[in-house]
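These notes concern the structure reproduced below.
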Amino acid sequence: MSSYVLFIFEGKVTEQNIANNLCKYILNEDDKVILRASYGFNLYQLHKEISKDEYFDTYGIIVEQLKVRENLRPEEIKVLDIEDPSKISDIYLFFDYDCHCSNADDVKLAQMLETFNDPQDFGLLCVSYPMVEAIRHQKNTDYQEELYPRSQLNSYKNWVKKERELDKKYHNWGLYDSQIWVEIIKQHLARANFLVNDTLTLPESILKQDLIFSKQQDKHFEQNNVAVISSFPLMLHDYYGKSLMERFD
């Protein structure tokens, strides 16, 4: 029987739609079943939840949320219908940095990254800086560091939508194809590598989420900026390793 890979999203719509496209063009192996569900709250609320029980179960937490929710998506019903949770081989959690939220806390985020640091244990937390719309934040195929003011995050979604310098082909994730995914993956991996290793090239090894956050703090937060990096390419790099780029050769 196929094993399961469980994606847990912060939001109920946007991340699900991106993942649907991602599964169509990238995550489409027959030996893995990708299951997707939304937690429905930000990562700081998740921190509060897991703090109640040191023996928490990641799958159990998402099941509790789904059971009290109406109008579940078909993908979420499949998550509830898992008969044997031990067949979940990997868990990836996709959340926004969202430092403008009222309950945002960098100390708590650091704790979350320490707890969720292994997809085959509690799961791997993959953070989008500053939020999921970072995947749209791209001008062309040239590797470029992109910074955004932390003090203006309330307007980030609208800014990305209207900013004329950004290439509109990255805006509608429902229309992404294999080539666009390649461009997005390479762009954000190069940005993350520049943040961590000061070289604007594709990384030679997996970039750890806690190190990315630490470098954000050291290099940008005190200057009121955040380096724009999407979580989806980082998840793919962790999942496939070096073979990720070979898939596109």
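Just remember, in the structure tokens the first chain shown is A, the second B, etc., residues are 1-based per chain, and ligands are 1-based in the order shown.
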
Contact residues around Met131 of chain A with only C-alpha atoms at 8 Å, ignoring same-chain residues under 3 positions, as a ChimeraX atom specification:
/A:95-98,127-128,134,230

Run DSSP on the backbone and give me the residues of segment 22-241 of chain A it puts in alpha helix (DSSP H), as a PyMOL selection string.
chain A and resi 22-25+43-50+58-67+74-80+106-115+156-162+178-197+209-219+231-240

Could you turn the residues from that selection into a file that holds C-alpha atoms, as a PDB file, in the first residue's frame?
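Okay, this is what ended up in part_25.pdb:
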```pdb
ATOM      1  CA  LEU A  22       1.987  21.462  -7.359  1.00  0.00           C
ATOM      2  CA  CYS A  23       0.685  17.907  -7.168  1.00  0.00           C
ATOM      3  CA  LYS A  24      -0.302  18.049 -10.826  1.00  0.00           C
ATOM      4  CA  TYR A  25       3.131  19.025 -12.112  1.00  0.00           C
ATOM      5  CA  LEU A  43       1.525  29.193  13.595  1.00  0.00           C
ATOM      6  CA  TYR A  44       1.460  31.180  16.834  1.00  0.00           C
ATOM      7  CA  GLN A  45      -1.939  29.669  17.610  1.00  0.00           C
ATOM      8  CA  LEU A  46      -0.513  26.252  16.790  1.00  0.00           C
ATOM      9  CA  HIS A  47       2.284  26.959  19.268  1.00  0.00           C
ATOM     10  CA  LYS A  48      -0.333  27.638  21.931  1.00  0.00           C
ATOM     11  CA  GLU A  49      -2.076  24.368  21.102  1.00  0.00           C
ATOM     12  CA  ILE A  50       0.973  22.115  21.272  1.00  0.00           C
ATOM     13  CA  THR A  58       0.525  16.310  14.862  1.00  0.00           C
ATOM     14  CA  TYR A  59      -1.978  14.234  12.919  1.00  0.00           C
ATOM     15  CA  GLY A  60      -4.279  14.169  15.939  1.00  0.00           C
ATOM     16  CA  ILE A  61      -4.262  17.962  16.189  1.00  0.00           C
ATOM     17  CA  ILE A  62      -5.367  18.411  12.585  1.00  0.00           C
ATOM     18  CA  VAL A  63      -8.040  15.722  12.966  1.00  0.00           C
ATOM     19  CA  GLU A  64      -9.490  17.586  15.954  1.00  0.00           C
ATOM     20  CA  GLN A  65      -9.761  20.755  13.880  1.00  0.00           C
ATOM     21  CA  LEU A  66     -11.357  19.010  10.920  1.00  0.00           C
ATOM     22  CA  LYS A  67     -13.963  17.225  13.023  1.00  0.00           C
ATOM     23  CA  PRO A  74     -12.614  16.505  -0.480  1.00  0.00           C
ATOM     24  CA  GLU A  75      -8.882  16.407   0.320  1.00  0.00           C
ATOM     25  CA  GLU A  76      -9.615  17.014   3.994  1.00  0.00           C
ATOM     26  CA  ILE A  77     -12.199  14.245   4.131  1.00  0.00           C
ATOM     27  CA  LYS A  78      -9.481  11.894   2.885  1.00  0.00           C
ATOM     28  CA  VAL A  79      -7.312  12.977   5.819  1.00  0.00           C
ATOM     29  CA  LEU A  80     -10.083  12.077   8.249  1.00  0.00           C
ATOM     30  CA  ASP A 106       9.873  35.408  17.230  1.00  0.00           C
ATOM     31  CA  VAL A 107      10.766  33.388  20.324  1.00  0.00           C
ATOM     32  CA  LYS A 108       7.764  31.145  19.775  1.00  0.00           C
ATOM     33  CA  LEU A 109       8.619  30.776  16.100  1.00  0.00           C
ATOM     34  CA  ALA A 110      12.145  29.672  17.019  1.00  0.00           C
ATOM     35  CA  GLN A 111      10.624  27.072  19.349  1.00  0.00           C
ATOM     36  CA  MET A 112       8.307  25.867  16.601  1.00  0.00           C
ATOM     37  CA  LEU A 113      11.198  25.474  14.175  1.00  0.00           C
ATOM     38  CA  GLU A 114      13.066  23.448  16.780  1.00  0.00           C
ATOM     39  CA  THR A 115      10.047  21.201  17.392  1.00  0.00           C
ATOM     40  CA  TYR A 156       1.827  43.199   1.335  1.00  0.00           C
ATOM     41  CA  LYS A 157      -0.922  41.196  -0.387  1.00  0.00           C
ATOM     42  CA  ASN A 158      -2.277  44.284  -2.117  1.00  0.00           C
ATOM     43  CA  TRP A 159       1.216  45.488  -3.009  1.00  0.00           C
ATOM     44  CA  VAL A 160       2.106  42.190  -4.682  1.00  0.00           C
ATOM     45  CA  LYS A 161      -1.126  42.305  -6.646  1.00  0.00           C
ATOM     46  CA  LYS A 162      -0.542  45.838  -7.950  1.00  0.00           C
ATOM     47  CA  SER A 178       6.045  22.877 -15.174  1.00  0.00           C
ATOM     48  CA  GLN A 179       8.183  25.668 -16.598  1.00  0.00           C
ATOM     49  CA  ILE A 180       6.793  28.305 -14.252  1.00  0.00           C
ATOM     50  CA  TRP A 181       7.342  25.971 -11.308  1.00  0.00           C
ATOM     51  CA  VAL A 182      10.974  25.511 -12.360  1.00  0.00           C
ATOM     52  CA  GLU A 183      11.449  29.280 -12.450  1.00  0.00           C
ATOM     53  CA  ILE A 184       9.814  29.753  -9.046  1.00  0.00           C
ATOM     54  CA  ILE A 185      11.712  26.899  -7.415  1.00  0.00           C
ATOM     55  CA  LYS A 186      15.098  28.075  -8.659  1.00  0.00           C
ATOM     56  CA  GLN A 187      14.401  31.709  -7.763  1.00  0.00           C
ATOM     57  CA  HIS A 188      13.442  31.063  -4.158  1.00  0.00           C
ATOM     58  CA  LEU A 189      16.138  28.470  -3.537  1.00  0.00           C
ATOM     59  CA  ALA A 190      18.711  30.968  -4.794  1.00  0.00           C
ATOM     60  CA  ARG A 191      17.268  33.660  -2.507  1.00  0.00           C
ATOM     61  CA  ALA A 192      17.415  31.339   0.483  1.00  0.00           C
ATOM     62  CA  ASN A 193      20.981  30.359  -0.396  1.00  0.00           C
ATOM     63  CA  PHE A 194      21.954  34.024  -0.626  1.00  0.00           C
ATOM     64  CA  LEU A 195      20.421  34.634   2.782  1.00  0.00           C
ATOM     65  CA  VAL A 196      22.256  31.710   4.377  1.00  0.00           C
ATOM     66  CA  ASN A 197      25.502  31.441   2.389  1.00  0.00           C
ATOM     67  CA  GLN A 209      14.479  26.239   8.299  1.00  0.00           C
ATOM     68  CA  ASP A 210      15.885  27.305  11.661  1.00  0.00           C
ATOM     69  CA  LEU A 211      19.026  28.632   9.981  1.00  0.00           C
ATOM     70  CA  ILE A 212      16.956  30.606   7.468  1.00  0.00           C
ATOM     71  CA  PHE A 213      15.057  32.214  10.341  1.00  0.00           C
ATOM     72  CA  SER A 214      18.269  32.949  12.246  1.00  0.00           C
ATOM     73  CA  LYS A 215      19.786  34.639   9.192  1.00  0.00           C
ATOM     74  CA  GLN A 216      16.609  36.686   8.724  1.00  0.00           C
ATOM     75  CA  GLN A 217      17.029  37.925  12.275  1.00  0.00           C
ATOM     76  CA  ASP A 218      20.743  38.679  11.909  1.00  0.00           C
ATOM     77  CA  LYS A 219      20.627  40.369   8.522  1.00  0.00           C
ATOM     78  CA  SER A 231       8.043  27.918   1.566  1.00  0.00           C
ATOM     79  CA  PHE A 232       7.038  25.624  -1.308  1.00  0.00           C
ATOM     80  CA  PRO A 233      10.438  25.431  -3.082  1.00  0.00           C
ATOM     81  CA  LEU A 234      12.128  24.793   0.268  1.00  0.00           C
ATOM     82  CA  MET A 235       9.745  21.942   0.987  1.00  0.00           C
ATOM     83  CA  LEU A 236      10.455  20.414  -2.416  1.00  0.00           C
ATOM     84  CA  HIS A 237      14.195  20.707  -1.868  1.00  0.00           C
ATOM     85  CA  ASP A 238      13.892  18.928   1.474  1.00  0.00           C
ATOM     86  CA  TYR A 239      11.683  16.222  -0.025  1.00  0.00           C
ATOM     87  CA  TYR A 240      13.717  15.477  -3.151  1.00  0.00           C
TER      88      TYR A 240
END
```

Would you pick out the contacts of Ile34 of chain A at 12 Å or less, using only C-alpha atoms, so that residues sharing its chain but fewer than 2 positions from it are not included, and give the list as a VMD selection string?
chain A and resid 2 to 8 16 19 to 20 22 to 24 26 to 32 36 to 37 75 to 76 78 to 79 87 to 92

Between atom CA of Ser243 of chain A and atom CA of Leu124 of chain A, what distance in Å does the model show, to one decimal?
19.2 Å

Which of segment 22-212 of chain A counts as strand (DSSP E) under DSSP, as an MDAnalysis selection string please?
chainID A and resid 32:38 88:96 117:118 123:128 147:149

Could you write out the selected residues, including N, CA and C atoms, as an mmCIF file, in the first residue's frame?
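Contents of the output file part_35.cif:
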```cif
data_model
loop_
_atom_site.group_PDB
_atom_site.id
_atom_site.type_symbol
_atom_site.label_atom_id
_atom_site.label_comp_id
_atom_site.auth_asym_id
_atom_site.auth_seq_id
_atom_site.Cartn_x
_atom_site.Cartn_y
_atom_site.Cartn_z
ATOM 1 N N LYS A 32 3.358 7.581 -3.725
ATOM 2 C CA LYS A 32 3.069 8.471 -2.609
ATOM 3 C C LYS A 32 1.696 9.099 -2.804
ATOM 4 N N VAL A 33 0.903 9.109 -1.735
ATOM 5 C CA VAL A 33 -0.393 9.771 -1.763
ATOM 6 C C VAL A 33 -0.269 11.067 -0.972
ATOM 7 N N ILE A 34 -0.450 12.195 -1.647
ATOM 8 C CA ILE A 34 -0.353 13.495 -0.989
ATOM 9 C C ILE A 34 -1.709 13.858 -0.414
ATOM 10 N N LEU A 35 -1.785 13.997 0.895
ATOM 11 C CA LEU A 35 -3.013 14.399 1.570
ATOM 12 C C LEU A 35 -2.862 15.818 2.082
ATOM 13 N N ARG A 36 -3.954 16.593 2.013
ATOM 14 C CA ARG A 36 -3.850 18.019 2.306
ATOM 15 C C ARG A 36 -4.992 18.454 3.208
ATOM 16 N N ALA A 37 -4.647 19.238 4.226
ATOM 17 C CA ALA A 37 -5.658 19.751 5.147
ATOM 18 C C ALA A 37 -5.223 21.104 5.674
ATOM 19 N N SER A 38 -6.196 21.912 6.058
ATOM 20 C CA SER A 38 -5.926 23.245 6.595
ATOM 21 C C SER A 38 -6.108 23.246 8.105
ATOM 22 N N ILE A 88 1.548 7.396 7.468
ATOM 23 C CA ILE A 88 1.983 8.754 7.121
ATOM 24 C C ILE A 88 3.498 8.797 7.255
ATOM 25 N N SER A 89 4.194 8.889 6.143
ATOM 26 C CA SER A 89 5.662 8.837 6.161
ATOM 27 C C SER A 89 6.284 10.205 6.399
ATOM 28 N N ASP A 90 5.618 11.256 5.930
ATOM 29 C CA ASP A 90 6.170 12.603 6.040
ATOM 30 C C ASP A 90 5.045 13.589 6.323
ATOM 31 N N ILE A 91 5.371 14.610 7.128
ATOM 32 C CA ILE A 91 4.427 15.690 7.393
ATOM 33 C C ILE A 91 5.138 17.019 7.135
ATOM 34 N N TYR A 92 4.510 17.870 6.337
ATOM 35 C CA TYR A 92 5.026 19.214 6.084
ATOM 36 C C TYR A 92 3.968 20.226 6.478
ATOM 37 N N LEU A 93 4.390 21.227 7.241
ATOM 38 C CA LEU A 93 3.481 22.271 7.692
ATOM 39 C C LEU A 93 3.860 23.581 7.013
ATOM 40 N N PHE A 94 2.907 24.198 6.330
ATOM 41 C CA PHE A 94 3.143 25.431 5.586
ATOM 42 C C PHE A 94 2.466 26.597 6.311
ATOM 43 N N PHE A 95 3.285 27.489 6.866
ATOM 44 C CA PHE A 95 2.749 28.627 7.603
ATOM 45 C C PHE A 95 3.467 29.903 7.195
ATOM 46 N N ASP A 96 2.794 31.033 7.417
ATOM 47 C CA ASP A 96 3.369 32.341 7.124
ATOM 48 C C ASP A 96 4.138 32.873 8.329
ATOM 49 N N ASN A 117 11.126 19.988 13.056
ATOM 50 C CA ASN A 117 12.363 20.040 12.274
ATOM 51 C C ASN A 117 12.651 18.763 11.495
ATOM 52 N N ASP A 118 11.650 17.853 11.468
ATOM 53 C CA ASP A 118 11.862 16.576 10.799
ATOM 54 C C ASP A 118 10.520 16.100 10.234
ATOM 55 N N GLY A 123 7.004 16.591 12.085
ATOM 56 C CA GLY A 123 6.768 17.292 10.835
ATOM 57 C C GLY A 123 7.820 18.362 10.630
ATOM 58 N N LEU A 124 7.898 18.883 9.419
ATOM 59 C CA LEU A 124 8.826 19.958 9.107
ATOM 60 C C LEU A 124 8.039 21.230 8.843
ATOM 61 N N LEU A 125 8.314 22.258 9.632
ATOM 62 C CA LEU A 125 7.670 23.557 9.458
ATOM 63 C C LEU A 125 8.379 24.325 8.354
ATOM 64 N N CYS A 126 7.636 24.668 7.314
ATOM 65 C CA CYS A 126 8.163 25.436 6.192
ATOM 66 C C CYS A 126 7.500 26.811 6.203
ATOM 67 N N VAL A 127 8.301 27.837 6.425
ATOM 68 C CA VAL A 127 7.770 29.191 6.622
ATOM 69 C C VAL A 127 7.905 30.004 5.352
ATOM 70 N N SER A 128 6.823 30.691 4.975
ATOM 71 C CA SER A 128 6.876 31.671 3.894
ATOM 72 C C SER A 128 7.134 33.046 4.494
ATOM 73 N N LEU A 147 13.606 42.224 -0.745
ATOM 74 C CA LEU A 147 13.309 42.582 0.630
ATOM 75 C C LEU A 147 11.998 43.351 0.677
ATOM 76 N N TYR A 148 11.311 43.223 1.813
ATOM 77 C CA TYR A 148 10.069 43.971 1.999
ATOM 78 C C TYR A 148 10.029 44.487 3.436
ATOM 79 N N PRO A 149 9.558 45.733 3.634
ATOM 80 C CA PRO A 149 9.538 46.310 4.986
ATOM 81 C C PRO A 149 8.586 45.563 5.915
#
```

Using only C-alpha atoms, which residue out of A:His100, A:Arg247, A:Lys12, A:Arg69 lies closest to Ser151 of chain A?
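Of A:His100, A:Arg247, A:Lys12, A:Arg69, the one nearest Ser151 of chain A, counting only C-alpha atoms, is A:His100.
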
Coordinates-based distance that separates atom CA of Asn71 of chain A from atom CA of Val132 of chain A (Å, one decimal)
22.9 Å
